[in-house]
Structure formats: structure tokens, C-alpha cells
Amino acid sequence: MTIASPDTSVRPYRAARRLGSFLESWPGVVTLIAAMTAMRLIFAGVIDLRTDEAYYWTWSKENVLSFLDHPPMIAWFIRFGTAIFGDTTLGVRFAGVVAMLVTQLLLADIVRRMTRDARAVVLALLMPEAALYYGLLMAKVSPDVAMIPFAVATLWALVRLSASGDARWWLAAGLFAGLALLSKFTFIMLLPAVVAFTLVPAWRWRWLKSPLPWLAALIAVAIFLPVLIWNSEHDWASFRFQFVRAVATHEWSLRTVGEFIGIQFGLVGFVMLPVVLSGVVLTAWRGYRRREAVPILLSTCVIVPFCYFFWKSTTLRVGDTWPAFLWPAGLAATAINIAMPPSEDWPAWMVRATIFWVRAAVVTGIVFVVGVFLYYVAIPWNFIGRNDPIGGEAGYEQVAERAQAELRKTGASWIATTDYRTYAMMRWYFKDQVPVVQINERGRFMGFRDPGMDLIRGHAGIYVAREPDNANPVWASTTAVREPLEQVQRAWRGLVMDTYALEKLTGWTPELSPPPDSPLFRWRVLAGDFPIDADGNLILRSGPLAASRRMAASTRGASDDAEQSWFETAQERLLTMRPKNGAPMAKRPTPSS
């Protein structure tokens, strides 16, 4: 780094240095990691599940090879935790806490093998604790959390390969790469780093002629076979689903770019992010100039995915967790750089500045992570309003309780929903004691077990939906009779987040496996967006319309009037959701991605 050395005579800097010195001692490191792990366990146990977490929990109850949205590893993670702690929030999230510890140990060993410097190893252990992505949110279960330890293990195996020259480490790398792919498809973004690691150093001809890298690739594919088999049986649904998201294009937007950068500052760290980016740039400069394999590997693991996400952010809101897998490589590169300056004859002031800013990143980051934890666990106020990422998805227990009351009052025996979030939360709170069915987007549930059709067929149900989504036009393709019952508000810390409508359903039985051309089968397209023009009006006859229009018109015998009605309903919904200033509704990706 080239930042000028600060005046360390100022009292706050002295305090930071003393705290930094304590954290660089092994007793301090062990104490801190134990305390932060306990904090994550408390967070995992007391904070309500978010909708996506509950959705993945429903997957853990099914015996299928893969799923529409993601590969199956996240379901296996949750099944591991719930086998120990039952169907509790801690059980659902426990594997994420374990994944954090595994990730820390792997990063520490990577740095140890590259530097033999105890201070650098300590920083490799502590920097993840100082980033909200890992220090707290590894307790929020997601496919990204499942992928991170396997992605880091792949890098660890390649570092072992570089250090030892033992080609058998290729096989370990293939094993971990397959497990990472079995967690989330975005692991493929690390492939350019592996290619550069193989081809840029002078050893490239050795590995190109060796059968072991190719055997490693075959091992990865073999481990990925459950996803390939499931997709071959379901018209390659997962790949088509993700491909639509990947190629979806929207208008250029500074807002989404700003959101992406702001989220990275918040989740990596306001001091940590520039420190890590500086470390990655220095690592890339050193690695490619000298053709050093490990610096090439670590820096490219960050640069390629980060540039891709930055590019996507110019037209699309990048999901909060999507870049989480790339930063551990950057943390390792930054820790390794701590040990490099003395051996490279850096000026003394630059060495002091580097050490200071890395210490400051760790100290301020840990304070921030602990502060966020206390806000959600100990403070009773809502400072963020309806945009709160945790509070915005809390309070479903209130909806479930009212739905339970209506089941008793009306004699209904099952619950219907028309979005996967409500479906997941109702299943979570009813724990499958009452059948819950999402009547549409049945492509999400291919191969799922019978939810309890004996209690559904011929019986009344309760429809639970957020307003105004309860006016979903898909009901027009059914014979269901809907009778409004009541409204229930979902609130968090005294603030109403959403209002839900409860309706009684009669005269219809949901179809669990409708034909693929049915509007009840198709999943939402174009990353969850309706196509709209610059004025916020729905595009009816051109461009990205095709997929959305087919979803409305594909029912057998559907008329043009029915199709137009669907779009008019969607147009009304768009208008109700537009901001007060009249600007078009922000385009958002489906959160489960």
C-alpha cells in the first residue's frame, strides 16, 4: 500500500495498536475466535429464519438429486444440522457456523505455507471475523455459505500442489471443486484462476502433459453427476433457469452500481475492502510479473468474479451474497502481503503503514460485526425501517398463527400460497403438520414428495398471500372459489412490514404435477422482473415479453382476452408499486439466487 503513515501519537491510534497487539498474540486469537463463534451460535439460534433459509429447509425434507434453483449441497448442510439440533433455527444454520471455522483454518494454513510468518497466519484467522460476510452472516445459511469452504479447500489443495510439487494434489483439488459445484454454480467463476495457475507459470507444459489435471476435472464432473442426472430428467431446467438470469439485460443504472459497491463496503468492511483490494492488486502485480503460481491463483480468484459482478451491476441489482465466495482468496492474499515487504526492500514507512491499516481493518471490522450482532439480538428498536434486511423478513409467525386460527374456524385442512417465500415460511411454522402447497411455479417442486393430498382433495383450504399479490392472475386458470376472510399484518419491532390476505378456498384441488405448458408450472422469468419501458409501462408485444406472455397464454384454450387480462393485472400491480416520485419500479433479482 502507498498510504502515508498516520500519526500514531494520537490516543485512539494508540488504543487501536494496543488492541491490535493483543489480537496478534495466540491467547488473544483463540479467545476472540471462541467468543465470535459463540456469538454466531447465539445469532443462529435466536434470529428468525429468513424466507430463503426456510425455503432451503423445505429442500432438506425432500429426497431428490437436485433442485431448480440450486444444487443440493445446501439441503445436505441443513439436514446435517437438524439431525443434531432438530428443526430449530440453530439446527438449520449450524452447518454454516462449522463452515466458517473450516474456512478460517484453511486460510490460515494457506498463509502459513506461503509465509512461515506467525503474524500473517493470525491475520488470516482474524480477517474473516472482521468482515460481516463471514464474522456474522456465515450463520445465515445459503448456497454461498455451503460453497465457501469447498472453494477455499480447492485453493488450499492447489497451494499444497505448488508448495510440494506432488501432482496427487490435483486429485484433491478436483474433489473439492466438485463439492463446490455441488453447492452453487457460480464456483465456475474461479475456473479462469485455475487455468491461469496452470498455464502462466513456467511449469505449464508439465501439467498439460500430465494426466492428473484432466483426471481431477473428471472427478469434479463425477461428483457433480447428481445435478447432471436430475437436469437430464427435467429438460435441463436448472441450467435454463440460471441462464435466463445470467443473460437478462436491463437499462444501465448508476443506482445498481452504487448499491453493489456500497454492499461490498458494508459486508467486507469499510476499512477492510480497500485494504483487501490493495492486497489483491499487489499480489496480481507480483504474481504475473514473476509468474508465481499462488499469487496468480489468489489474485485472479478475486479479480475475475469481481469484475464480472461489477459489470452486471451496471444493469442489474447484484444479490447481497453472490460475491461472498471471492473474498476469502483476497483475505489470504492480503495476509501473505504482510510478510512480503521486508523481503522486498520496501521503505520503512510503507511497511509501517501497511501493518497499521491491516490492524485497523481487523479492529474496526470486529467492532462493526459485534455492533450488528447487538443491534439484532439486544437492541429493541428499528433504526433502518422497512429496508432492514432481517426485520424485513421477520414476523411470519404472526401470519401463521392467524392462518392456524382460520383453519380451526372454517374447518379447512390445508394452506395454499402463490409465492415460494410464503410457502416456505408456512411450512416452517406448521412443520408439515398441515399440508402447504404453492399452487403455481410447480417447476420448483419437481420430484417433491406428496404434501398430504388426502387432507387436500375434497377439502377446503386457506389461501395466504401478501397484498396486493393475492390478486394473482393465475387463479383465473383454476376453478377455485375464493372467499375473503381477514387481513393480518406482519410486523417487526412495532413497524408493519407487509399486510397479508387470508381467503377460504373451495371447489378445487391443486395439481402437483401440471404439464410444462401450464401457467401453474412455469417459474417466474427474467430474474423475477416484469418487462417495463422507460416510463414504467409494461411492454406488451415485443422484446423480453415472450417468456412472460407465454406463461399467461400457455394454458390450453387460453384466449387473447385472458392473456391481455393477465398483463393488465400485472400493469396495475406495477403502478401500485411505483415510487411516489413516479419513477419506474426498481428491477430486482429473485433473492434465492
# chains A, B, ... in the order shown; residues from 1 in each chain; ligands from 1
>>> residues_around(residues="Leu41 (chain A)", least_positions_apart="5", cutoff="9 Å", atoms="only C-alpha atoms", output="PyMOL selection string")
chain A and resi 36+46+90+93-94+97+139
>>> closest_atom_pairs(of="region 295-317 of chain A", to="region 142-152 of chain A", cutoff="12 Å", atoms="only C-alpha atoms", output="Markdown table")
| residue | atom | partner | partner_atom | distance |
| --- | --- | --- | --- | --- |
| A:Leu297 | CA | A:Val152 | CA | 11.5 |
| A:Leu298 | CA | A:Val152 | CA | 10.2 |
| A:Cys301 | CA | A:Ala151 | CA | 10.0 |
>>> write_last_selection(atoms="N, CA, C and O atoms", output="mmCIF file, in the first residue's frame")
data_model
loop_
_atom_site.group_PDB
_atom_site.id
_atom_site.type_symbol
_atom_site.label_atom_id
_atom_site.label_comp_id
_atom_site.auth_asym_id
_atom_site.auth_seq_id
_atom_site.Cartn_x
_atom_site.Cartn_y
_atom_site.Cartn_z
ATOM 1 N N LEU A 297 -2.998 -17.401 -8.677
ATOM 2 C CA LEU A 297 -4.240 -18.083 -8.301
ATOM 3 C C LEU A 297 -5.107 -17.208 -7.408
ATOM 4 O O LEU A 297 -6.296 -16.996 -7.684
ATOM 5 N N LEU A 298 -4.539 -16.679 -6.327
ATOM 6 C CA LEU A 298 -5.317 -15.924 -5.347
ATOM 7 C C LEU A 298 -5.853 -14.630 -5.935
ATOM 8 O O LEU A 298 -7.032 -14.281 -5.730
ATOM 9 N N CYS A 301 -8.643 -15.204 -8.552
ATOM 10 C CA CYS A 301 -9.896 -15.644 -7.910
ATOM 11 C C CYS A 301 -10.746 -14.461 -7.463
ATOM 12 O O CYS A 301 -11.971 -14.589 -7.329
#
>>> residues_around(residues="Tyr429 (chain A)", least_positions_apart="3", cutoff="10 Å", atoms="only C-alpha atoms", output="list in words")
Ala54, Tyr396, Glu397, Val399, Ala400, Glu401, Ala424, Met425, Met426, Asp432, Gln433 and Val434 of chain A
>>> closest_residue(among="A:Trp311, A:Val200, A:Arg40, A:Leu212", to="Val372 (chain A)", atoms="only C-alpha atoms")
A:Arg40
>>> closest_residue(among="A:Met446, A:Ile261, A:Ala118, A:Val281", to="Phe67 (chain A)", atoms="only C-alpha atoms")
A:Met446
>>> select_by_dssp(residues="region 343-507 of chain A", states="alpha helix (DSSP H)", output="JSON, numbers by chain")
{"A": [348, 349, 350, 351, 352, 353, 354, 355, 356, 357, 358, 359, 360, 361, 362, 363, 364, 365, 366, 367, 368, 369, 370, 371, 372, 373, 374, 375, 376, 377, 396, 397, 398, 399, 400, 401, 402, 403, 404, 405, 406, 407, 408, 409, 410, 420, 421, 422, 423, 424, 425, 426, 427, 428, 429, 430]}
>>> write_last_selection(atoms="C-alpha atoms", output="PDB file, in the first residue's frame")
ATOM      1  CA  ALA A 348      10.128   1.516   6.324  1.00  0.00           C
ATOM      2  CA  TRP A 349       7.232   3.992   6.297  1.00  0.00           C
ATOM      3  CA  MET A 350       5.338   1.855   3.778  1.00  0.00           C
ATOM      4  CA  VAL A 351       5.810  -1.241   5.931  1.00  0.00           C
ATOM      5  CA  ARG A 352       4.514   0.618   8.997  1.00  0.00           C
ATOM      6  CA  ALA A 353       1.535   1.998   7.065  1.00  0.00           C
ATOM      7  CA  THR A 354       0.657  -1.434   5.715  1.00  0.00           C
ATOM      8  CA  ILE A 355       0.698  -3.017   9.158  1.00  0.00           C
ATOM      9  CA  PHE A 356      -1.301  -0.140  10.635  1.00  0.00           C
ATOM     10  CA  TRP A 357      -4.075  -0.270   8.067  1.00  0.00           C
ATOM     11  CA  VAL A 358      -4.427  -4.037   8.239  1.00  0.00           C
ATOM     12  CA  ARG A 359      -4.655  -3.817  12.031  1.00  0.00           C
ATOM     13  CA  ALA A 360      -7.170  -1.009  11.737  1.00  0.00           C
ATOM     14  CA  ALA A 361      -9.242  -3.072   9.297  1.00  0.00           C
ATOM     15  CA  VAL A 362      -9.355  -6.006  11.722  1.00  0.00           C
ATOM     16  CA  VAL A 363     -10.138  -3.925  14.815  1.00  0.00           C
ATOM     17  CA  THR A 364     -12.795  -1.701  13.222  1.00  0.00           C
ATOM     18  CA  GLY A 365     -14.296  -4.655  11.370  1.00  0.00           C
ATOM     19  CA  ILE A 366     -14.704  -6.766  14.503  1.00  0.00           C
ATOM     20  CA  VAL A 367     -16.244  -3.807  16.343  1.00  0.00           C
ATOM     21  CA  PHE A 368     -18.705  -3.351  13.469  1.00  0.00           C
ATOM     22  CA  VAL A 369     -19.618  -7.059  13.348  1.00  0.00           C
ATOM     23  CA  VAL A 370     -20.230  -7.126  17.101  1.00  0.00           C
ATOM     24  CA  GLY A 371     -22.288  -3.942  16.800  1.00  0.00           C
ATOM     25  CA  VAL A 372     -24.521  -5.500  14.134  1.00  0.00           C
ATOM     26  CA  PHE A 373     -24.942  -8.591  16.312  1.00  0.00           C
ATOM     27  CA  LEU A 374     -26.003  -6.475  19.305  1.00  0.00           C
ATOM     28  CA  TYR A 375     -28.431  -4.492  17.158  1.00  0.00           C
ATOM     29  CA  TYR A 376     -30.320  -7.620  16.168  1.00  0.00           C
ATOM     30  CA  VAL A 377     -30.036  -9.555  19.416  1.00  0.00           C
ATOM     31  CA  TYR A 396     -44.226 -14.552   9.737  1.00  0.00           C
ATOM     32  CA  GLU A 397     -45.150 -16.255  12.973  1.00  0.00           C
ATOM     33  CA  GLN A 398     -47.981 -13.714  13.280  1.00  0.00           C
ATOM     34  CA  VAL A 399     -49.293 -14.736   9.862  1.00  0.00           C
ATOM     35  CA  ALA A 400     -49.005 -18.438  10.685  1.00  0.00           C
ATOM     36  CA  GLU A 401     -50.905 -18.005  13.963  1.00  0.00           C
ATOM     37  CA  ARG A 402     -53.809 -16.268  12.222  1.00  0.00           C
ATOM     38  CA  ALA A 403     -53.826 -18.880   9.489  1.00  0.00           C
ATOM     39  CA  GLN A 404     -53.996 -21.578  12.192  1.00  0.00           C
ATOM     40  CA  ALA A 405     -56.963 -19.795  13.778  1.00  0.00           C
ATOM     41  CA  GLU A 406     -58.780 -19.669  10.428  1.00  0.00           C
ATOM     42  CA  LEU A 407     -58.098 -23.361   9.834  1.00  0.00           C
ATOM     43  CA  ARG A 408     -59.878 -24.161  13.099  1.00  0.00           C
ATOM     44  CA  LYS A 409     -62.694 -21.693  12.495  1.00  0.00           C
ATOM     45  CA  THR A 410     -63.509 -22.715   8.905  1.00  0.00           C
ATOM     46  CA  TYR A 420     -42.235 -19.559  -2.623  1.00  0.00           C
ATOM     47  CA  ARG A 421     -41.423 -17.237   0.283  1.00  0.00           C
ATOM     48  CA  THR A 422     -44.840 -17.527   1.900  1.00  0.00           C
ATOM     49  CA  TYR A 423     -44.895 -21.237   1.084  1.00  0.00           C
ATOM     50  CA  ALA A 424     -41.558 -21.761   2.840  1.00  0.00           C
ATOM     51  CA  MET A 425     -42.488 -19.782   5.936  1.00  0.00           C
ATOM     52  CA  MET A 426     -45.848 -21.538   6.311  1.00  0.00           C
ATOM     53  CA  ARG A 427     -44.151 -24.922   6.033  1.00  0.00           C
ATOM     54  CA  TRP A 428     -41.558 -23.828   8.575  1.00  0.00           C
ATOM     55  CA  TYR A 429     -44.087 -22.715  11.184  1.00  0.00           C
ATOM     56  CA  PHE A 430     -46.519 -25.582  10.641  1.00  0.00           C
TER      57      PHE A 430
END
>>> closest_residue(among="A:Trp214, A:Trp230, A:Phe239, A:Trp252", to="Leu171 (chain A)", atoms="only C-alpha atoms")
A:Trp214
>>> closest_residue(among="A:Arg493, A:Thr479, A:Leu331, A:Pro451", to="Asn382 (chain A)", atoms="only C-alpha atoms")
A:Arg493
>>> closest_residue(among="A:Leu199, A:Val141, A:Ile462, A:Leu107", to="Pro435 (chain A)", atoms="only C-alpha atoms")
A:Ile462
>>> closest_residue(among="A:Val294, A:Arg116, A:Phe310, A:Leu49", to="Ala157 (chain A)", atoms="only C-alpha atoms")
A:Val294
>>> residues_around(residues="Val227 (chain A)", least_positions_apart="4", cutoff="7 Å", atoms="only C-alpha atoms", output="list of chain:residue names")
A:Leu65, A:Ser66, A:Pro71, A:Asn231
>>> write_last_selection(atoms="all heavy atoms", output="compact mmCIF listing (two decimals), in the first residue's frame")
# COMPACT_ATOMS: atom_id res chain seq x y z
N LEU A 65 -32.39 -35.53 -6.20
CA LEU A 65 -30.97 -35.36 -6.51
C LEU A 65 -30.55 -33.90 -6.57
O LEU A 65 -29.41 -33.56 -6.25
CB LEU A 65 -30.66 -36.04 -7.84
CG LEU A 65 -30.66 -37.56 -7.85
CD1 LEU A 65 -30.42 -38.08 -9.27
CD2 LEU A 65 -29.61 -38.11 -6.90
N SER A 66 -31.45 -33.02 -7.01
CA SER A 66 -31.10 -31.61 -7.13
C SER A 66 -32.39 -30.80 -7.15
O SER A 66 -33.49 -31.35 -7.00
CB SER A 66 -30.26 -31.36 -8.39
OG SER A 66 -29.73 -30.05 -8.38
N PRO A 71 -27.94 -26.45 -6.78
CA PRO A 71 -27.57 -27.84 -6.48
C PRO A 71 -27.93 -28.20 -5.04
O PRO A 71 -28.32 -27.34 -4.24
CB PRO A 71 -26.06 -27.84 -6.71
CG PRO A 71 -25.79 -26.69 -7.62
CD PRO A 71 -26.79 -25.65 -7.23
N ASN A 231 -31.03 -32.85 -14.02
CA ASN A 231 -31.35 -31.95 -15.11
C ASN A 231 -31.67 -32.70 -16.40
O ASN A 231 -32.54 -32.29 -17.16
CB ASN A 231 -30.21 -30.96 -15.33
CG ASN A 231 -30.32 -29.74 -14.44
OD1 ASN A 231 -31.00 -28.78 -14.77
ND2 ASN A 231 -29.66 -29.80 -13.29
>>> atom_distance(atom1="CA of Glu62 (chain A)", atom2="CA of Phe241 (chain A)")
20.4 Å
>>> atom_distance(atom1="CA of Ser513 (chain A)", atom2="CA of Tyr500 (chain A)")
26.9 Å
